[in-house]
>>> print(open('my_file37.json').read())   # JSON, C-alpha atoms
[["chain", "number", "residue", "atom", "x", "y", "z"],
["G", 290, "MET", "CA", 0.00, 0.00, 0.00],
["G", 291, "ASN", "CA", 1.20, 3.41, -0.91],
["G", 292, "ASN", "CA", 0.00, 5.95, 1.63],
["G", 293, "GLU", "CA", 2.25, 8.74, 0.53],
["G", 294, "PHE", "CA", 1.02, 11.72, -1.45],
["G", 295, "GLU", "CA", 2.96, 12.92, -4.38],
["G", 296, "ALA", "CA", 4.69, 16.17, -3.78],
["G", 297, "GLY", "CA", 2.88, 19.21, -5.14],
["G", 298, "SER", "CA", -0.43, 17.49, -5.78],
["G", 299, "ALA", "CA", -3.56, 18.79, -4.12],
["G", 300, "PRO", "CA", -6.51, 16.70, -3.16],
["G", 301, "ALA", "CA", -9.31, 16.63, -5.73],
["G", 302, "PRO", "CA", -12.13, 19.10, -4.98],
["G", 303, "PRO", "CA", -15.36, 17.45, -3.87],
["G", 304, "LYS", "CA", -17.93, 17.02, -6.66],
["G", 305, "LYS", "CA", -21.07, 19.15, -6.31],
["G", 306, "SER", "CA", -24.35, 17.34, -6.70],
["G", 307, "LYS", "CA", -26.62, 18.51, -9.53],
["G", 308, "LEU", "CA", -29.59, 16.99, -7.73],
["G", 309, "ILE", "CA", -30.14, 20.29, -5.96],
["G", 310, "TRP", "CA", -31.25, 21.87, -9.30],
["G", 311, "ILE", "CA", -33.36, 18.95, -10.50],
["G", 312, "LEU", "CA", -35.74, 19.03, -7.54],
["G", 313, "PRO", "CA", -36.91, 22.67, -7.76],
["G", 314, "ILE", "CA", -37.05, 22.70, -11.55],
["G", 315, "GLY", "CA", -38.90, 19.39, -11.61],
["G", 316, "CYS", "CA", -41.42, 20.56, -9.01],
["G", 317, "LEU", "CA", -41.96, 23.87, -10.78],
["G", 318, "GLY", "CA", -42.40, 22.05, -14.07],
["G", 319, "ILE", "CA", -45.04, 19.76, -12.59],
["G", 320, "LEU", "CA", -46.85, 22.71, -11.01],
["G", 321, "LEU", "CA", -46.72, 24.63, -14.28],
["G", 322, "VAL", "CA", -48.14, 21.73, -16.29],
["G", 323, "CYS", "CA", -50.88, 21.12, -13.72],
["G", 324, "GLY", "CA", -51.72, 24.82, -13.58],
["G", 325, "LEU", "CA", -51.96, 25.11, -17.35],
["G", 326, "GLY", "CA", -54.04, 21.94, -17.52],
["G", 327, "ALA", "CA", -56.44, 23.25, -14.87],
["G", 328, "GLY", "CA", -56.66, 26.57, -16.70],
["G", 329, "VAL", "CA", -57.57, 24.88, -19.98],
["G", 330, "ILE", "CA", -60.17, 22.70, -18.26],
["G", 331, "TYR", "CA", -61.67, 25.75, -16.53],
["G", 332, "TYR", "CA", -61.71, 27.72, -19.77],
["G", 333, "PHE", "CA", -63.73, 25.08, -21.60],
["G", 334, "LEU", "CA", -65.84, 23.51, -18.84],
["G", 335, "GLY", "CA", -66.01, 26.51, -16.54],
["G", 336, "GLY", "CA", -67.12, 28.74, -19.38],
["G", 337, "ALA", "CA", -69.88, 26.30, -20.29],
["G", 338, "ILE", "CA", -71.03, 26.00, -16.68],
["G", 339, "THR", "CA", -70.90, 29.75, -16.13],
["G", 340, "GLY", "CA", -72.91, 30.27, -19.32],
["G", 341, "ALA", "CA", -75.55, 27.79, -18.17],
["G", 342, "ILE", "CA", -75.89, 29.60, -14.85],
["G", 343, "GLU", "CA", -76.24, 32.93, -16.68],
["G", 344, "GLN", "CA", -78.97, 31.46, -18.91],
["G", 345, "ILE", "CA", -80.92, 30.27, -15.87],
["G", 346, "SER", "CA", -80.50, 33.68, -14.24],
["G", 347, "VAL", "CA", -81.75, 35.50, -17.36],
["G", 348, "GLY", "CA", -84.71, 33.13, -17.58],
["G", 349, "VAL", "CA", -85.62, 33.61, -13.92],
["G", 350, "ASP", "CA", -85.38, 37.41, -14.26],
["G", 351, "THR", "CA", -87.59, 37.29, -17.35],
["G", 352, "ILE", "CA", -90.22, 35.22, -15.53],
["G", 353, "GLU", "CA", -90.16, 37.30, -12.33],
["G", 354, "ASN", "CA", -90.43, 40.61, -14.22],
["G", 355, "SER", "CA", -93.05, 39.50, -16.75],
["G", 356, "SER", "CA", -96.22, 41.59, -16.56],
["G", 357, "GLU", "CA", -98.18, 38.63, -17.94],
["G", 358, "VAL", "CA", -97.00, 36.33, -15.13],
["G", 359, "GLN", "CA", -97.47, 39.06, -12.51],
["G", 360, "ALA", "CA", -101.08, 39.57, -13.68],
["G", 361, "LYS", "CA", -101.76, 35.85, -13.29],
["G", 362, "LEU", "CA", -99.86, 35.16, -10.02],
["G", 363, "GLY", "CA", -99.69, 38.57, -8.35],
["G", 364, "THR", "CA", -96.64, 40.51, -7.24],
["G", 365, "PRO", "CA", -93.95, 39.59, -6.27],
["G", 366, "VAL", "CA", -93.33, 36.55, -8.43],
["G", 367, "THR", "CA", -90.58, 34.25, -7.17],
["G", 368, "CYS", "CA", -88.80, 31.35, -8.86],
["G", 369, "GLU", "CA", -87.06, 28.38, -7.30],
["G", 370, "PRO", "CA", -85.12, 25.73, -9.24],
["G", 371, "THR", "CA", -86.85, 22.36, -9.26],
["G", 372, "GLY", "CA", -83.72, 20.41, -10.10],
["G", 373, "GLU", "CA", -85.42, 19.20, -13.27],
["G", 374, "GLN", "CA", -82.89, 19.35, -16.07],
["G", 375, "THR", "CA", -82.77, 17.58, -19.40],
["G", 376, "GLN", "CA", -80.30, 17.80, -22.20],
["G", 377, "GLN", "CA", -80.37, 16.77, -25.81],
["G", 378, "GLN", "CA", -77.51, 16.87, -28.30],
["G", 379, "ASP", "CA", -78.02, 17.69, -31.96],
["G", 380, "GLY", "CA", -74.72, 17.79, -33.81],
["G", 381, "ASN", "CA", -72.64, 20.60, -32.28],
["G", 382, "ASN", "CA", -75.57, 22.03, -30.33],
["G", 383, "ILE", "CA", -76.60, 20.93, -26.87],
["G", 384, "GLU", "CA", -80.13, 21.91, -25.86],
["G", 385, "MET", "CA", -80.69, 22.12, -22.11],
["G", 386, "THR", "CA", -84.04, 22.52, -20.40],
["G", 387, "PHE", "CA", -84.13, 23.86, -16.84],
["G", 388, "GLY", "CA", -87.27, 23.62, -14.70],
["G", 389, "VAL", "CA", -88.30, 26.25, -12.15],
["G", 390, "SER", "CA", -91.18, 26.51, -9.73],
["G", 391, "VAL", "CA", -92.98, 29.85, -10.09],
["G", 392, "SER", "CA", -95.14, 31.29, -7.31],
["G", 393, "GLY", "CA", -96.93, 34.46, -6.34],
["G", 394, "PRO", "CA", -99.65, 35.61, -3.90],
["G", 395, "LYS", "CA", -102.44, 34.40, -6.22],
["G", 396, "GLY", "CA", -101.06, 30.97, -7.09],
["G", 397, "SER", "CA", -98.20, 28.97, -8.52],
["G", 398, "GLY", "CA", -97.04, 27.34, -11.70],
["G", 399, "THR", "CA", -94.06, 25.82, -13.44],
["G", 400, "GLY", "CA", -91.50, 27.46, -15.65],
["G", 401, "LYS", "CA", -89.26, 26.07, -18.34],
["G", 402, "ILE", "CA", -86.08, 27.70, -19.63],
["G", 403, "VAL", "CA", -84.66, 26.15, -22.80],
["G", 404, "SER", "CA", -81.12, 27.18, -23.73],
["G", 405, "VAL", "CA", -78.82, 26.05, -26.51],
["G", 406, "PHE", "CA", -75.05, 25.68, -26.21],
["G", 407, "ASP", "CA", -73.10, 25.85, -29.48],
["G", 408, "ALA", "CA", -70.02, 23.65, -29.00],
["G", 409, "GLU", "CA", -68.21, 25.28, -31.94],
["G", 410, "THR", "CA", -68.40, 28.85, -30.65],
["G", 411, "TYR", "CA", -68.80, 28.02, -26.93],
["G", 412, "GLU", "CA", -71.75, 30.41, -26.71],
["G", 413, "TRP", "CA", -75.16, 30.06, -25.07],
["G", 414, "SER", "CA", -78.45, 31.37, -26.44],
["G", 415, "THR", "CA", -81.97, 31.30, -25.05],
["G", 416, "LYS", "CA", -84.35, 29.27, -27.18],
["G", 417, "SER", "CA", -87.50, 29.69, -25.13],
["G", 418, "ILE", "CA", -88.87, 30.73, -21.74],
["G", 419, "SER", "CA", -92.36, 29.64, -20.77],
["G", 420, "VAL", "CA", -94.58, 29.48, -17.69],
["G", 421, "THR", "CA", -97.58, 27.23, -17.19],
["G", 422, "VAL", "CA", -100.28, 28.30, -14.70],
["G", 423, "ASP", "CA", -103.58, 26.41, -14.38],
["G", 424, "GLY", "CA", -103.00, 24.63, -17.68],
["G", 425, "GLU", "CA", -102.36, 27.87, -19.58],
["G", 426, "THR", "CA", -98.86, 28.23, -21.05],
["G", 427, "MET", "CA", -97.43, 31.71, -21.48],
["G", 428, "ASN", "CA", -94.53, 32.08, -23.92],
["G", 429, "LEU", "CA", -92.18, 34.75, -22.59],
["G", 430, "THR", "CA", -89.55, 34.39, -25.31],
["G", 431, "ASP", "CA", -88.65, 37.64, -27.03],
["G", 432, "ASP", "CA", -89.35, 36.76, -30.65],
["G", 433, "SER", "CA", -89.15, 40.32, -31.89],
["G", 434, "ASP", "CA", -87.39, 40.81, -35.19],
["G", 435, "PHE", "CA", -85.22, 43.87, -35.32],
["G", 436, "SER", "CA", -84.37, 43.57, -39.00],
["G", 437, "LEU", "CA", -85.40, 46.50, -41.14],
["G", 438, "ASP", "CA", -86.45, 46.26, -44.77],
["G", 439, "ILE", "CA", -84.18, 48.90, -46.24],
["G", 440, "ASP", "CA", -83.63, 49.59, -49.93],
["G", 441, "ASP", "CA", -79.88, 49.41, -50.34],
["G", 442, "MET", "CA", -79.99, 51.03, -53.78],
["G", 443, "GLY", "CA", -80.26, 54.50, -52.25],
["G", 444, "GLY", "CA", -83.40, 55.53, -54.09],
["G", 445, "ASP", "CA", -87.11, 55.04, -53.83],
["G", 446, "GLU", "CA", -89.68, 53.82, -56.36],
["G", 447, "SER", "CA", -90.41, 57.31, -57.74],
["G", 448, "ASP", "CA", -86.72, 57.71, -58.68],
["G", 449, "ALA", "CA", -86.85, 54.40, -60.52],
["G", 450, "ALA", "CA", -89.99, 55.53, -62.42],
["G", 451, "ASP", "CA", -88.27, 58.81, -63.40],
["G", 452, "ASP", "CA", -85.27, 56.91, -64.68],
["G", 453, "ALA", "CA", -87.49, 54.72, -66.87],
["G", 454, "LYS", "CA", -88.87, 57.80, -68.75]]
>>> encode(input="my_file37.json", output="structure tokens")
Amino acid sequence: MNNEFEAGSAPAPPKKSKLIWILPIGCLGILLVCGLGAGVIYYFLGGAITGAIEQISVGVDTIENSSEVQAKLGTPVTCEPTGEQTQQQDGNNIEMTFGVSVSGPKGSGTGKIVSVFDAETYEWSTKSISVTVDGETMNLTDDSDFSLDIDDMGGDESDAADDAK
């Protein structure tokens, strides 16, 4: 055995472990991936759920503020969710029906809010809102058409008749 050191040689410096960098970077990487994954899930599912809640809220407000329902049930009209919910898929559209119990001082009835979710655009729209009291169904859906029949040619019929002469 040779226990002597060579003259002029220094002991080798201790090797530093690279494990100290792997742990924090690995943990941060996992947290980042999980955070991004949760964000993507919330964006798609959370947006759909939030939209459904907004549709129910709009439907309830429409029912509670309807003069037709107030005349039938009295004021104030209140709505409570019944838990009744159905859904039907047609291609990219999902139609959801939400049931509500409608009541007022003069009586009670049932309400139905039908909303459609477009899976391509991730947008909700209200298809119909109705209330049934004593067998009579009141359609509260705003079916008004705001389109105007405008002549895009810039003239009227009398100008066209003058041009023909």
>>> residues_around(input="my_file37.json", residues="Ile352 in chain G", least_positions_apart="2", cutoff="8 Å", atoms="only C-alpha atoms", output="JSON, numbers by chain")
{"G": [348, 349, 350, 354, 355, 358, 366, 368, 400, 418, 419, 420, 429]}
>>> residues_around(input="my_file37.json", residues="Phe406 in chain G", least_positions_apart="3", cutoff="6 Å", atoms="all atoms listed in the file", output="compact mmCIF listing (two decimals) with C-alpha atoms, in the frame of the given file")
# COMPACT_ATOMS: atom_id res chain seq x y z
CA ASN G 382 -75.57 22.03 -30.33
CA ILE G 383 -76.60 20.93 -26.87
CA GLU G 412 -71.75 30.41 -26.71
CA TRP G 413 -75.16 30.06 -25.07
>>> atom_distance(input="my_file37.json", atom1="CA of Thr351 in chain G", atom2="CA of Thr386 in chain G")
15.5 Å
>>> residues_around(input="my_file37.json", residues="Pro370 in chain G", least_positions_apart="5", cutoff="9 Å", atoms="only C-alpha atoms", output="ChimeraX atom specification")
/G:387-391
>>> atom_distance(input="my_file37.json", atom1="CA of Pro365 in chain G", atom2="CA of Glu425 in chain G")
19.6 Å
>>> axis_aligned_box(input="my_file37.json", around="range 367-377 of chain G", padding_each_side="3 Å", output="JSON")
{"center_x": -85.4, "center_y": 25.5, "center_z": -16.5, "size_x": 16.3, "size_y": 23.5, "size_z": 24.6}
>>> residues_around(input="my_file37.json", residues="Glu384 in chain G", least_positions_apart="3", cutoff="12 Å", atoms="all atoms listed in the file", output="MDAnalysis selection string")
chainID G and resid 341 344 374:381 387 402:408 412:417
>>> closest_residue(input="my_file37.json", among="G:Thr399, G:Met385, G:Asp423, G:Gly324", to="Thr367 in chain G", atoms="only C-alpha atoms")
G:Thr399
>>> closest_residue(input="my_file37.json", among="G:Ser392, G:Thr364, G:Ser356, G:Thr339", to="Tyr411 in chain G", atoms="all atoms listed in the file")
G:Thr339
>>> atom_distance(input="my_file37.json", atom1="CA of Ile330 in chain G", atom2="CA of Gly372 in chain G")
25.0 Å
>>> closest_residue(input="my_file37.json", among="G:Ser346, G:Thr410, G:Asn428, G:Thr421", to="Leu362 in chain G", atoms="all atoms listed in the file")
G:Thr421
>>> build_atoms(input="my_file37.json", residues="range 351-368 of chain G", atoms="N, CA and C atoms", output="PDB file, keeping the file's coordinate frame")
ATOM      1  N   THR G 351     -86.522  37.077 -16.372  1.00  0.00           N
ATOM      2  CA  THR G 351     -87.590  37.290 -17.350  1.00  0.00           C
ATOM      3  C   THR G 351     -88.942  36.872 -16.771  1.00  0.00           C
ATOM      4  N   ILE G 352     -88.971  35.718 -16.110  1.00  0.00           N
ATOM      5  CA  ILE G 352     -90.220  35.220 -15.530  1.00  0.00           C
ATOM      6  C   ILE G 352     -90.689  36.139 -14.402  1.00  0.00           C
ATOM      7  N   GLU G 353     -89.774  36.487 -13.491  1.00  0.00           N
ATOM      8  CA  GLU G 353     -90.160  37.300 -12.330  1.00  0.00           C
ATOM      9  C   GLU G 353     -90.605  38.708 -12.714  1.00  0.00           C
ATOM     10  N   ASN G 354     -90.094  39.245 -13.807  1.00  0.00           N
ATOM     11  CA  ASN G 354     -90.430  40.610 -14.220  1.00  0.00           C
ATOM     12  C   ASN G 354     -91.492  40.671 -15.309  1.00  0.00           C
ATOM     13  N   SER G 355     -92.045  39.530 -15.689  1.00  0.00           N
ATOM     14  CA  SER G 355     -93.050  39.500 -16.750  1.00  0.00           C
ATOM     15  C   SER G 355     -94.386  40.043 -16.242  1.00  0.00           C
ATOM     16  N   SER G 356     -94.919  41.033 -16.951  1.00  0.00           N
ATOM     17  CA  SER G 356     -96.220  41.590 -16.560  1.00  0.00           C
ATOM     18  C   SER G 356     -97.329  40.561 -16.730  1.00  0.00           C
ATOM     19  N   GLU G 357     -97.183  39.678 -17.692  1.00  0.00           N
ATOM     20  CA  GLU G 357     -98.180  38.630 -17.940  1.00  0.00           C
ATOM     21  C   GLU G 357     -98.233  37.639 -16.763  1.00  0.00           C
ATOM     22  N   VAL G 358     -97.069  37.249 -16.267  1.00  0.00           N
ATOM     23  CA  VAL G 358     -97.000  36.330 -15.130  1.00  0.00           C
ATOM     24  C   VAL G 358     -97.458  37.040 -13.857  1.00  0.00           C
ATOM     25  N   GLN G 359     -97.056  38.291 -13.690  1.00  0.00           N
ATOM     26  CA  GLN G 359     -97.470  39.060 -12.510  1.00  0.00           C
ATOM     27  C   GLN G 359     -98.983  39.235 -12.472  1.00  0.00           C
ATOM     28  N   ALA G 360     -99.622  39.426 -13.627  1.00  0.00           N
ATOM     29  CA  ALA G 360    -101.080  39.570 -13.680  1.00  0.00           C
ATOM     30  C   ALA G 360    -101.764  38.271 -13.260  1.00  0.00           C
ATOM     31  N   LYS G 361    -101.166  37.150 -13.593  1.00  0.00           N
ATOM     32  CA  LYS G 361    -101.760  35.850 -13.290  1.00  0.00           C
ATOM     33  C   LYS G 361    -101.492  35.411 -11.850  1.00  0.00           C
ATOM     34  N   LEU G 362    -100.259  35.659 -11.345  1.00  0.00           N
ATOM     35  CA  LEU G 362     -99.860  35.160 -10.020  1.00  0.00           C
ATOM     36  C   LEU G 362     -99.772  36.234  -8.951  1.00  0.00           C
ATOM     37  N   GLY G 363     -99.852  37.486  -9.324  1.00  0.00           N
ATOM     38  CA  GLY G 363     -99.690  38.570  -8.350  1.00  0.00           C
ATOM     39  C   GLY G 363     -98.222  38.954  -8.210  1.00  0.00           C
ATOM     40  N   THR G 364     -97.997  40.001  -7.438  1.00  0.00           N
ATOM     41  CA  THR G 364     -96.640  40.510  -7.240  1.00  0.00           C
ATOM     42  C   THR G 364     -96.256  40.351  -5.780  1.00  0.00           C
ATOM     43  N   PRO G 365     -95.103  39.947  -5.426  1.00  0.00           N
ATOM     44  CA  PRO G 365     -93.950  39.590  -6.270  1.00  0.00           C
ATOM     45  C   PRO G 365     -94.034  38.144  -6.737  1.00  0.00           C
ATOM     46  N   VAL G 366     -93.460  37.900  -7.885  1.00  0.00           N
ATOM     47  CA  VAL G 366     -93.330  36.550  -8.430  1.00  0.00           C
ATOM     48  C   VAL G 366     -91.926  36.054  -8.047  1.00  0.00           C
ATOM     49  N   THR G 367     -91.869  34.841  -7.538  1.00  0.00           N
ATOM     50  CA  THR G 367     -90.580  34.250  -7.170  1.00  0.00           C
ATOM     51  C   THR G 367     -90.393  32.925  -7.898  1.00  0.00           C
ATOM     52  N   CYS G 368     -89.148  32.605  -8.179  1.00  0.00           N
ATOM     53  CA  CYS G 368     -88.800  31.350  -8.860  1.00  0.00           C
ATOM     54  C   CYS G 368     -87.799  30.573  -8.017  1.00  0.00           C
TER      55      CYS G 368
END
